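Have a look at start04.pdb below; it lists PDB, C-alpha atoms.
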ATOM      1  CA  MET A 186    -131.306 223.055  87.880
ATOM      2  CA  SER A 187    -128.087 221.166  88.543
ATOM      3  CA  ASP A 188    -127.812 220.318  84.813
ATOM      4  CA  VAL A 189    -128.106 224.024  83.966
ATOM      5  CA  VAL A 190    -125.390 224.892  86.487
ATOM      6  CA  ALA A 191    -123.168 222.108  85.135
ATOM      7  CA  THR A 192    -123.699 223.375  81.579
ATOM      8  CA  GLN A 193    -122.860 226.930  82.560
ATOM      9  CA  ASP A 194    -119.777 225.724  84.451
ATOM     10  CA  LEU A 195    -118.523 223.775  81.422
ATOM     11  CA  ASP A 196    -119.152 226.757  79.138
ATOM     12  CA  SER A 197    -117.161 228.953  81.509
ATOM     13  CA  ARG A 198    -114.280 226.463  81.737
ATOM     14  CA  LEU A 199    -114.047 226.166  77.972
ATOM     15  CA  GLU A 200    -114.312 229.918  77.351
ATOM     16  CA  ARG A 201    -111.352 230.594  79.647
ATOM     17  CA  HIS A 202    -109.123 229.109  76.960
ATOM     18  CA  ARG A 203    -110.655 230.798  73.908
ATOM     19  CA  THR A 204    -108.122 233.625  73.480
ATOM     20  CA  GLU A 205    -105.002 231.457  73.789
ATOM     21  CA  LEU A 206    -106.521 228.813  71.496
ATOM     22  CA  THR A 207    -107.323 231.518  68.946
ATOM     23  CA  GLY A 208    -103.691 232.657  69.101
ATOM     24  CA  TYR A 209    -102.504 229.097  68.550
ATOM     25  CA  CYS A 210    -104.867 228.526  65.616
ATOM     26  CA  TYR A 211    -103.955 231.919  64.107
ATOM     27  CA  ARG A 212    -100.256 231.028  64.126
ATOM     28  CA  MET A 213    -101.107 227.656  62.557
ATOM     29  CA  LEU A 214    -103.467 228.993  59.879
ATOM     30  CA  GLY A 215    -102.366 232.596  59.217
ATOM     31  CA  SER A 216    -105.979 233.784  59.105
ATOM     32  CA  ALA A 217    -107.930 235.576  61.819
ATOM     33  CA  PHE A 218    -111.247 234.329  60.473
ATOM     34  CA  GLU A 219    -110.121 230.733  59.979
ATOM     35  CA  ALA A 220    -108.672 230.784  63.507
ATOM     36  CA  ASP A 221    -112.068 231.835  64.894
ATOM     37  CA  ASP A 222    -113.724 229.029  62.922
ATOM     38  CA  ALA A 223    -111.164 226.502  64.165
ATOM     39  CA  VAL A 224    -111.655 227.500  67.795
ATOM     40  CA  GLN A 225    -115.429 227.380  67.461
ATOM     41  CA  ASP A 226    -115.121 223.879  65.981
ATOM     42  CA  THR A 227    -112.813 222.955  68.877
ATOM     43  CA  MET A 228    -115.341 224.162  71.446
ATOM     44  CA  VAL A 229    -118.183 222.263  69.770
ATOM     45  CA  ARG A 230    -116.133 219.047  69.643
ATOM     46  CA  ALA A 231    -115.102 219.490  73.283
ATOM     47  CA  TRP A 232    -118.702 220.041  74.339
ATOM     48  CA  ARG A 233    -119.981 217.016  72.440
ATOM     49  CA  ASN A 234    -117.211 214.725  73.694
ATOM     50  CA  PHE A 235    -116.768 215.989  77.231
ATOM     51  CA  ASP A 236    -118.185 212.779  78.669
ATOM     52  CA  LYS A 237    -115.196 210.984  77.070
ATOM     53  CA  PHE A 238    -112.688 213.338  78.696
ATOM     54  CA  GLU A 239    -111.315 211.216  81.492
ATOM     55  CA  GLY A 240    -109.035 213.776  83.071
ATOM     56  CA  ARG A 241    -105.834 211.900  82.223
ATOM     57  CA  SER A 242    -104.504 215.256  81.003
ATOM     58  CA  SER A 243    -105.519 218.798  81.868
ATOM     59  CA  LEU A 244    -108.548 220.324  80.176
ATOM     60  CA  ARG A 245    -106.169 222.808  78.512
ATOM     61  CA  SER A 246    -104.023 220.027  77.027
ATOM     62  CA  TRP A 247    -107.120 218.215  75.807
ATOM     63  CA  LEU A 248    -108.404 221.365  74.091
ATOM     64  CA  TYR A 249    -105.026 221.907  72.416
ATOM     65  CA  ARG A 250    -105.141 218.322  71.132
ATOM     66  CA  ILE A 251    -108.572 218.974  69.594
ATOM     67  CA  ALA A 252    -107.506 222.362  68.191
ATOM     68  CA  THR A 253    -104.380 220.828  66.650
ATOM     69  CA  ASN A 254    -106.416 218.150  64.910
ATOM     70  CA  VAL A 255    -108.883 220.767  63.628
ATOM     71  CA  CYS A 256    -106.017 222.884  62.232
ATOM     72  CA  LEU A 257    -104.271 219.895  60.663
ATOM     73  CA  ASP A 258    -107.537 218.944  58.965
ATOM     74  CA  MET A 259    -107.932 222.506  57.650
ATOM     75  CA  LEU A 260    -104.332 222.541  56.408
ATOM     76  CA  ASN A 261    -104.678 219.252  54.520
ATOM     77  CA  ALA A 262    -106.041 221.264  51.598
ATOM     78  CA  GLY A 263    -102.484 222.517  51.141
ATOM     79  CA  ASN A 264    -103.254 226.234  51.280
ATOM     80  CA  ARG A 265    -100.416 228.381  52.627
ATOM     81  CA  ARG A 266    -101.066 231.981  53.557
ATOM     82  CA  ALA A 267     -98.420 234.357  52.244
ATOM     83  CA  ARG A 268     -97.259 237.956  52.051
ATOM     84  CA  PRO A 269     -96.663 239.589  48.650
ATOM     85  CA  MET A 270     -92.903 239.255  49.092
ATOM     86  CA  ASP A 271     -93.316 235.481  49.445
ATOM     87  CA  LEU A 272     -94.864 235.259  45.977
ATOM     88  CA  THR A 273     -93.112 237.730  43.677
ATOM     89  CA  ALA A 274     -89.968 239.816  43.405
ATOM     90  CA  ALA A 275     -90.022 243.513  44.244
ATOM     91  CA  THR A 276     -91.346 245.536  41.314
ATOM     92  CA  PRO A 277     -89.739 248.785  40.100
ATOM     93  CA  VAL A 278     -92.367 251.496  40.321
ATOM     94  CA  ALA A 279     -92.145 252.148  36.567
ATOM     95  CA  GLN A 280     -93.381 248.590  35.952
ATOM     96  CA  ALA A 281     -95.900 248.453  38.796
ATOM     97  CA  ALA A 282     -99.273 246.875  38.041
ATOM     98  CA  LEU A 283    -102.079 245.995  40.430
ATOM     99  CA  ASN A 284    -102.787 242.278  40.146
ATOM    100  CA  SER A 285    -105.295 241.049  42.735
ATOM    101  CA  ARG A 286    -105.196 237.509  44.113
ATOM    102  CA  PRO A 287    -107.961 235.638  45.991
ATOM    103  CA  GLU A 288    -108.481 236.244  49.703
ATOM    104  CA  VAL A 289    -107.249 232.735  50.621
ATOM    105  CA  THR A 290    -103.798 233.690  49.277
ATOM    106  CA  TRP A 291    -103.004 236.210  51.964
ATOM    107  CA  LEU A 292    -101.692 236.157  55.480
ATOM    108  CA  GLU A 293    -104.215 238.148  57.497
ATOM    109  CA  PRO A 294    -103.787 240.731  60.263
ATOM    110  CA  VAL A 295    -105.318 240.147  63.683
ATOM    111  CA  PRO A 296    -106.128 242.379  66.690
ATOM    112  CA  ASP A 297    -103.928 241.625  69.680
ATOM    113  CA  GLY A 298    -106.899 241.225  71.993
ATOM    114  CA  ARG A 299    -108.173 238.231  70.032
ATOM    115  CA  VAL A 300    -104.975 236.210  70.212
ATOM    116  CA  LEU A 301    -102.902 237.399  73.192
ATOM    117  CA  PRO A 302    -104.292 236.379  76.593
ATOM    118  CA  SER A 303    -103.493 238.596  79.562
ATOM    119  CA  VAL A 304    -100.562 237.200  81.540
ATOM    120  CA  ALA A 305     -98.636 238.591  84.471
ATOM    121  CA  ASP A 306     -95.162 237.610  83.250
ATOM    122  CA  PRO A 307     -93.648 240.370  81.025
ATOM    123  CA  ALA A 308     -91.262 237.869  79.417
ATOM    124  CA  GLU A 309     -94.166 235.595  78.440
ATOM    125  CA  THR A 310     -96.041 238.602  77.046
ATOM    126  CA  ALA A 311     -93.004 239.579  74.950
ATOM    127  CA  VAL A 312     -92.720 236.076  73.465
ATOM    128  CA  SER A 313     -96.438 236.065  72.651
ATOM    129  CA  ARG A 314     -96.214 239.407  70.847
ATOM    130  CA  GLU A 315     -93.097 238.382  68.932
ATOM    131  CA  SER A 316     -94.790 235.197  67.764
ATOM    132  CA  VAL A 317     -97.797 236.902  66.132
ATOM    133  CA  ARG A 318     -95.734 239.407  64.125
ATOM    134  CA  LEU A 319     -96.531 239.267  60.418
ATOM    135  CA  ALA A 320     -92.982 238.252  59.503
ATOM    136  CA  PHE A 321     -92.914 235.390  62.006
ATOM    137  CA  VAL A 322     -96.373 234.035  61.124
ATOM    138  CA  ALA A 323     -95.424 234.270  57.425
ATOM    139  CA  ALA A 324     -92.288 232.222  58.137
ATOM    140  CA  LEU A 325     -94.395 229.631  59.973
ATOM    141  CA  GLN A 326     -96.432 229.131  56.806
ATOM    142  CA  HIS A 327     -93.353 227.614  55.118
ATOM    143  CA  LEU A 328     -93.407 224.700  57.569
ATOM    144  CA  PRO A 329     -95.303 221.440  57.016
ATOM    145  CA  PRO A 330     -98.365 221.448  59.320
ATOM    146  CA  LYS A 331     -97.014 219.081  61.992
ATOM    147  CA  GLN A 332     -93.661 220.877  62.144
ATOM    148  CA  ARG A 333     -95.607 224.105  62.519
ATOM    149  CA  ALA A 334     -97.506 222.661  65.484
ATOM    150  CA  VAL A 335     -94.299 221.361  67.086
ATOM    151  CA  LEU A 336     -92.500 224.704  66.753
ATOM    152  CA  ILE A 337     -95.407 226.705  68.179
ATOM    153  CA  LEU A 338     -96.016 224.320  71.074
ATOM    154  CA  ARG A 339     -92.322 224.024  71.987
ATOM    155  CA  GLU A 340     -90.906 227.485  71.214
ATOM    156  CA  VAL A 341     -93.899 229.778  71.755
ATOM    157  CA  LEU A 342     -96.004 227.979  74.359
ATOM    158  CA  ALA A 343     -93.020 226.315  76.106
ATOM    159  CA  TRP A 344     -94.501 222.826  76.203
ATOM    160  CA  LYS A 345     -92.168 219.950  77.074
ATOM    161  CA  ALA A 346     -91.170 217.592  74.276
ATOM    162  CA  SER A 347     -92.943 214.754  76.092
ATOM    163  CA  GLU A 348     -96.172 216.789  76.247
ATOM    164  CA  VAL A 349     -96.018 217.569  72.521
ATOM    165  CA  ALA A 350     -95.285 213.917  71.751
ATOM    166  CA  GLU A 351     -98.351 212.859  73.712
ATOM    167  CA  LEU A 352    -100.536 215.463  71.996
ATOM    168  CA  LEU A 353     -99.378 214.433  68.508
ATOM    169  CA  GLU A 354     -99.332 210.722  69.413
ATOM    170  CA  THR A 355     -95.681 210.346  68.432
ATOM    171  CA  THR A 356     -92.284 209.951  70.110
ATOM    172  CA  VAL A 357     -90.076 212.501  71.864
ATOM    173  CA  ALA A 358     -87.341 211.739  69.311
ATOM    174  CA  SER A 359     -89.757 212.541  66.476
ATOM    175  CA  VAL A 360     -90.757 215.808  68.150
ATOM    176  CA  ASN A 361     -87.119 216.842  68.649
ATOM    177  CA  SER A 362     -86.301 216.012  65.036
ATOM    178  CA  ALA A 363     -89.307 217.999  63.770
ATOM    179  CA  LEU A 364     -88.307 220.956  65.944
ATOM    180  CA  GLN A 365     -84.759 220.921  64.575
ATOM    181  CA  ARG A 366     -86.014 220.903  60.974
ATOM    182  CA  ALA A 367     -88.549 223.624  61.726
ATOM    183  CA  ARG A 368     -85.904 225.884  63.276
ATOM    184  CA  ALA A 369     -83.714 225.469  60.196
ATOM    185  CA  THR A 370     -86.576 226.411  57.884
ATOM    186  CA  ILE A 371     -87.500 229.470  59.955
ATOM    187  CA  ALA A 372     -83.854 230.596  59.905
ATOM    188  CA  GLU A 373     -83.720 230.084  56.126
ATOM    189  CA  HIS A 374     -86.736 232.320  55.595
ATOM    190  CA  GLY A 375     -85.306 234.998  57.861
ATOM    191  CA  ALA A 376     -88.182 236.196  60.029
ATOM    192  CA  GLN A 377     -86.508 239.500  60.907
ATOM    193  CA  GLU A 378     -87.202 240.685  64.430
ATOM    194  CA  THR A 379     -89.232 243.892  64.537
ATOM    195  CA  ASP A 380     -90.261 246.087  67.444
ATOM    196  CA  THR A 381     -93.466 245.147  69.243
ATOM    197  CA  ALA A 382     -96.077 247.673  70.275
ATOM    198  CA  ASP A 383     -96.675 247.290  73.981
ATOM    199  CA  PRO A 384     -95.178 249.098  75.619
ATOM    200  CA  LEU A 385     -93.766 251.585  73.137
ATOM    201  CA  ASP A 386     -90.731 253.422  74.393
ATOM    202  CA  GLU A 387     -90.307 257.169  73.960
ATOM    203  CA  GLU A 388     -88.214 256.811  70.799
ATOM    204  CA  GLN A 389     -90.830 254.587  69.159
ATOM    205  CA  ARG A 390     -93.660 256.951  70.105
ATOM    206  CA  LYS A 391     -91.806 259.897  68.589
ATOM    207  CA  LEU A 392     -91.056 257.906  65.434
ATOM    208  CA  LEU A 393     -94.753 257.062  64.988
ATOM    209  CA  GLU A 394     -95.790 260.657  65.678
ATOM    210  CA  ARG A 395     -93.402 261.819  62.959
ATOM    211  CA  TYR A 396     -94.711 259.110  60.643
ATOM    212  CA  VAL A 397     -98.307 260.269  61.113
ATOM    213  CA  ALA A 398     -97.350 263.901  60.571
ATOM    214  CA  ALA A 399     -95.385 263.041  57.413
ATOM    215  CA  PHE A 400     -98.084 260.783  55.966
ATOM    216  CA  GLU A 401    -101.015 263.067  56.734
ATOM    217  CA  GLY A 402     -99.029 266.044  55.424
ATOM    218  CA  TYR A 403     -97.912 263.975  52.435
ATOM    219  CA  ASP A 404     -94.365 265.182  53.041
ATOM    220  CA  MET A 405     -92.230 262.682  51.131
ATOM    221  CA  ALA A 406     -88.915 264.076  52.356
ATOM    222  CA  ALA A 407     -90.023 263.720  55.970
ATOM    223  CA  LEU A 408     -91.481 260.272  55.295
ATOM    224  CA  THR A 409     -88.380 258.822  53.644
ATOM    225  CA  ALA A 410     -86.252 260.130  56.502
ATOM    226  CA  LEU A 411     -88.167 257.681  58.718
ATOM    227  CA  LEU A 412     -87.771 254.670  56.399
ATOM    228  CA  HIS A 413     -84.902 252.228  56.109
ATOM    229  CA  GLU A 414     -83.254 252.429  52.703
ATOM    230  CA  ASP A 415     -84.608 248.959  51.853
ATOM    231  CA  ALA A 416     -88.039 249.471  53.455
ATOM    232  CA  THR A 417     -90.949 247.673  51.794
ATOM    233  CA  LEU A 418     -94.492 248.687  50.903
ATOM    234  CA  SER A 419     -97.142 246.051  50.121
ATOM    235  CA  MET A 420    -100.897 246.205  49.616
ATOM    236  CA  PRO A 421    -102.769 242.877  49.832
ATOM    237  CA  PRO A 422    -104.891 241.700  48.000
ATOM    238  CA  TYR A 423    -102.492 242.969  45.289
ATOM    239  CA  ASP A 424     -99.317 240.948  44.846
ATOM    240  CA  LEU A 425     -97.331 244.081  44.000
ATOM    241  CA  TRP A 426     -94.699 245.156  46.501
ATOM    242  CA  LEU A 427     -92.070 247.870  46.382
ATOM    243  CA  ARG A 428     -88.672 248.219  48.016
ATOM    244  CA  GLY A 429     -86.598 251.317  48.734
ATOM    245  CA  HIS A 430     -87.135 255.058  48.989
ATOM    246  CA  ASP A 431     -87.317 255.864  45.281
ATOM    247  CA  ASP A 432     -89.935 253.262  44.401
ATOM    248  CA  ILE A 433     -92.074 253.919  47.493
ATOM    249  CA  VAL A 434     -92.068 257.678  46.900
ATOM    250  CA  GLY A 435     -92.623 257.154  43.179
ATOM    251  CA  TRP A 436     -95.696 255.085  43.965
ATOM    252  CA  MET A 437     -97.085 257.542  46.513
ATOM    253  CA  LEU A 438     -96.661 260.479  44.137
ATOM    254  CA  GLY A 439     -98.129 258.457  41.258
ATOM    255  CA  VAL A 440    -100.972 255.962  41.701
ATOM    256  CA  GLY A 441    -100.820 256.457  45.467
ATOM    257  CA  GLU A 442    -101.494 260.185  45.139
ATOM    258  CA  VAL A 443    -105.132 259.398  45.976
ATOM    259  CA  CYS A 444    -103.958 259.001  49.592
ATOM    260  CA  ARG A 445    -103.073 262.671  49.905
ATOM    261  CA  GLY A 446    -105.096 264.286  52.698
ATOM    262  CA  SER A 447    -105.727 261.017  54.569
ATOM    263  CA  LYS A 448    -106.068 260.541  58.319
ATOM    264  CA  LEU A 449    -104.400 257.832  60.417
ATOM    265  CA  VAL A 450    -105.942 256.439  63.619
ATOM    266  CA  PRO A 451    -103.589 254.373  65.835
ATOM    267  CA  VAL A 452    -104.417 250.731  66.561
ATOM    268  CA  VAL A 453    -102.355 247.609  67.317
ATOM    269  CA  ALA A 454    -102.185 244.552  65.049
ATOM    270  CA  ASN A 455    -100.010 241.447  65.289
ATOM    271  CA  GLY A 456     -98.215 242.808  68.322
ATOM    272  CA  THR A 457     -96.926 245.796  66.356
ATOM    273  CA  PRO A 458     -98.001 249.415  65.749
ATOM    274  CA  ALA A 459    -100.708 249.890  63.144
ATOM    275  CA  PHE A 460    -103.075 252.543  61.829
ATOM    276  CA  ALA A 461    -106.555 252.671  60.456
ATOM    277  CA  HIS A 462    -106.054 254.637  57.258
ATOM    278  CA  TYR A 463    -109.019 256.843  56.304
ATOM    279  CA  HIS A 464    -109.197 258.401  52.848
ATOM    280  CA  PRO A 465    -110.940 261.731  52.072
ATOM    281  CA  SER A 466    -114.602 260.995  51.326
ATOM    282  CA  ARG A 467    -115.542 260.882  47.648
ATOM    283  CA  SER A 468    -118.749 262.722  48.514
ATOM    284  CA  GLY A 469    -116.763 265.896  49.176
ATOM    285  CA  ASP A 470    -118.400 266.447  52.580
ATOM    286  CA  GLY A 471    -115.068 266.794  54.361
ATOM    287  CA  GLY A 472    -115.354 263.381  56.026
ATOM    288  CA  PHE A 473    -113.130 260.316  55.681
ATOM    289  CA  GLU A 474    -113.805 256.753  54.523
ATOM    290  CA  PRO A 475    -111.929 253.501  55.332
ATOM    291  CA  TRP A 476    -109.009 252.882  52.973
ATOM    292  CA  ALA A 477    -106.607 250.399  54.591
ATOM    293  CA  LEU A 478    -105.393 248.776  57.768
ATOM    294  CA  MET A 479    -101.735 249.825  57.809
ATOM    295  CA  VAL A 480     -99.384 247.582  59.810
ATOM    296  CA  ILE A 481     -95.991 249.126  60.579
ATOM    297  CA  GLU A 482     -92.783 247.189  61.179
ATOM    298  CA  ILE A 483     -89.955 248.984  62.988
ATOM    299  CA  VAL A 484     -86.309 247.907  63.162
ATOM    300  CA  ASP A 485     -83.531 249.882  64.871
ATOM    301  CA  GLY A 486     -85.518 253.093  65.151
ATOM    302  CA  LYS A 487     -86.790 253.258  61.559
ATOM    303  CA  VAL A 488     -89.746 251.872  59.622
ATOM    304  CA  SER A 489     -88.732 248.716  57.779
ATOM    305  CA  GLY A 490     -92.102 247.689  56.370
ATOM    306  CA  ILE A 491     -95.565 249.077  55.627
ATOM    307  CA  THR A 492     -98.332 246.585  54.868
ATOM    308  CA  SER A 493    -101.619 248.186  53.863
ATOM    309  CA  PHE A 494    -104.430 245.631  53.971
ATOM    310  CA  LEU A 495    -106.994 247.128  51.620
ATOM    311  CA  ASP A 496    -110.059 244.948  52.241
ATOM    312  CA  THR A 497    -111.506 247.311  54.826
ATOM    313  CA  LYS A 498    -114.936 245.616  54.820
ATOM    314  CA  ARG A 499    -113.183 242.667  56.477
ATOM    315  CA  TRP A 500    -110.630 244.439  58.647
ATOM    316  CA  PHE A 501    -112.343 247.508  60.063
ATOM    317  CA  PRO A 502    -115.209 245.587  61.747
ATOM    318  CA  LEU A 503    -112.686 243.031  63.080
ATOM    319  CA  PHE A 504    -110.754 245.870  64.748
ATOM    320  CA  ASP A 505    -113.939 247.647  65.936
ATOM    321  CA  LEU A 506    -113.099 250.711  63.847
ATOM    322  CA  PRO A 507    -115.682 253.341  62.868
ATOM    323  CA  GLU A 508    -117.181 253.183  59.378
ATOM    324  CA  ARG A 509    -116.167 256.765  58.699
ATOM    325  CA  LEU A 510    -114.642 259.837  60.323
ATOM    326  CA  GLY A 511    -116.347 263.202  60.361
ATOM    327  CA  ALA A 512    -114.807 266.396  59.046
ATOM    328  CA  GLU A 513    -113.402 267.215  62.465
TER
END
Let me see whether you can do it: turn the structure in this file into structure tokens.
Amino acid sequence: MSDVVATQDLDSRLERHRTELTGYCYRMLGSAFEADDAVQDTMVRAWRNFDKFEGRSSLRSWLYRIATNVCLDMLNAGNRRARPMDLTAATPVAQAALNSRPEVTWLEPVPDGRVLPSVADPAETAVSRESVRLAFVAALQHLPPKQRAVLILREVLAWKASEVAELLETTVASVNSALQRARATIAEHGAQETDTADPLDEEQRKLLERYVAAFEGYDMAALTALLHEDATLSMPPYDLWLRGHDDIVGWMLGVGEVCRGSKLVPVVANGTPAFAHYHPSRSGDGGFEPWALMVIEIVDGKVSGITSFLDTKRWFPLFDLPERLGAE
């Protein structure tokens, strides 16, 4: 009986860290599914090697050491998750063509609840949300794996340089040097700060209400009034992306016309506002089918970016979204 209790106690102690470890692995890997795999591997390794854990560090630090090694192993293949704007130039709508790339190409969205543990400190919550934004995680992907780990541990998780040095089995000077290089790279790739989703202030709520009304009504004048002049629209797994009012409207009134009559259901992804985009059912029964997970980026009171992740068979179950909406 005591062995069963001990097993249950260890399971409970390990599980307490699952959400924050998933957030760490997501920032490292840029994939919600790979992050889940990495954390599961971490838990299995911790379970199998717990008798070797001598308590010289905290259980949390030990788990982060294992998770870091798992992520570094996964990143040795050299894959770097990206957004469409990391791979190609903006395309004028007159030349737009839908070229699909493999799933492993793309930075993936993630539900907040999977990667952001509940904390009492509002400032800590704000940092956590900022650090899972699509733009920030995309910028992280430009860093070599160990620099990526150093930046996340030092800047996001607020570890001391000595703690990071111990985890990575290196020196404090090496950690500080890696952090300096990582900061320079992040600045070079310009991870623009966008508004986070919790809590939304009154102005943000009204902006999103107007966005829903304009999109569902397919009112292009109302929609463009809500967009920055250099707003972007992208649609992974296609590498096409568009910039500016004319090209976005041209797309939506051309190929994108199939989205007329859609419904948007609010969700939260990557710390920012998002919508489950449902398209009128092809069966003609008045219902709606999954079309995209639409992540919205807001800067200075206007929409600066729309990323529509089209692989709904992957994203809608991950976000616990219904398979279809009825006519009502």
Sort by chain and increasing residue number a table of all residues of segment 454-498 of chain A within 9 Å of segment 316-319 of chain A, each with its closest pair of atoms and their distance in Å to one decimal, counting all atoms listed in the file, and write it as CSV.
residue,atom,partner,partner_atom,distance
A:Ala454,CA,A:Arg318,CA,8.3
A:Asn455,CA,A:Arg318,CA,4.9
A:Gly456,CA,A:Arg318,CA,5.9
A:Thr457,CA,A:Arg318,CA,6.9
A:Val480,CA,A:Leu319,CA,8.8
A:Glu482,CA,A:Leu319,CA,8.8
Practice item. Enumerate, as JSON, numbers by chain, the residues matched when the PyMOL selection byres ((chain A and resi 292-296) around 10) is run on the file above. Key: {"A": [208, 211, 214, 215, 216, 217, 218, 219, 220, 265, 266, 267, 268, 269, 288, 289, 290, 291, 297, 298, 299, 300, 301, 317, 318, 319, 320, 322, 323, 326, 421, 422, 452, 453, 454, 455, 456, 457, 459, 478, 479, 480, 492, 494, 500, 503, 504, 505]}
Practice item. With a distance cut-off of 9 Å and all atoms listed in the file, select the neighbouring residues of segment 401-410 of chain A, excluding the residue or stretch itself and same-chain residues fewer than 2 positions from it, and output the selection as an NGL selection string. Key: :A and (395-399 or 412-414 or 430-431 or 433-434 or 437-438 or 442 or 444-449 or 487)
Exercise for review: Quote the spacing between atom CA of Arg230 of chain A and atom CA of Ile251 of chain A in Å to one decimal place.
Suggested key: 7.6 Å
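All protein and nucleic acid residues in the vicinity of (-115.6, 264.3, 52.8), that is within 6 Å when counting all atoms listed in the file, are Pro465, Ser466, Ser468, Gly469, Asp470, Gly471, Gly472 and Phe473 of chain A.
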Study note, to complete from the structure: Across A:Leu411, A:Met228, A:Ala346, A:Ala281, the smallest distance to Leu392 of chain A, with all atoms listed in the file counted, is shown by A:Leu411
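Between atom CA of Ala367 of chain A and atom CA of Arg339 of chain A lies a distance of 10.9 Å.
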Review point. Atom CA of Asp496 of chain A and atom CA of Ala477 of chain A, how far apart in Å?
Key: 6.9 Å
Review point. Applied to this file, what does the PyMOL selection byres ((chain A and resi 260) around 12) return in terms of residues, put as a list in words?
Key: Cys210, Met213, Leu214, Gly215, Ser216, Glu219, Ala220, Ala223, Thr253, Asn254, Val255, Cys256, Leu257, Asp258, Met259, Asn261, Ala262, Gly263, Asn264, Arg265, Arg266, Gln326, Leu328, Pro329, Pro330, Lys331, Arg333 and Ala334 of chain A
Exercise for review: Check which residues satisfy the PyMOL selection byres ((chain A and resi 419) around 7) in the file shown, then give them as a PyMOL selection string.
Suggested key: chain A and resi 269+417-418+420-421+425-427+491-493
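Ranking A:Thr497, A:Asn234, A:Gln280, A:Ser489 by their shortest atom-to-atom distance to Asp415 of chain A, with all atoms listed in the file included, puts A:Ser489 first.
Among the candidates A:Asp424, A:Asp226, A:Leu510, A:Val360, the one nearest to Arg286 of chain A when counting all atoms listed in the file is A:Asp424.
If all atoms listed in the file are the atoms counted, then among A:Met270, A:Ile483, A:Ala252, A:Leu506 the closest residue to Arg390 of chain A is A:Ile483.
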**Study point:** Option closest in space to Ser362 of chain A, from A:Val312, A:Ala282, A:Leu385, A:Leu336 [counting all atoms listed in the file]
**Key:** A:Leu336
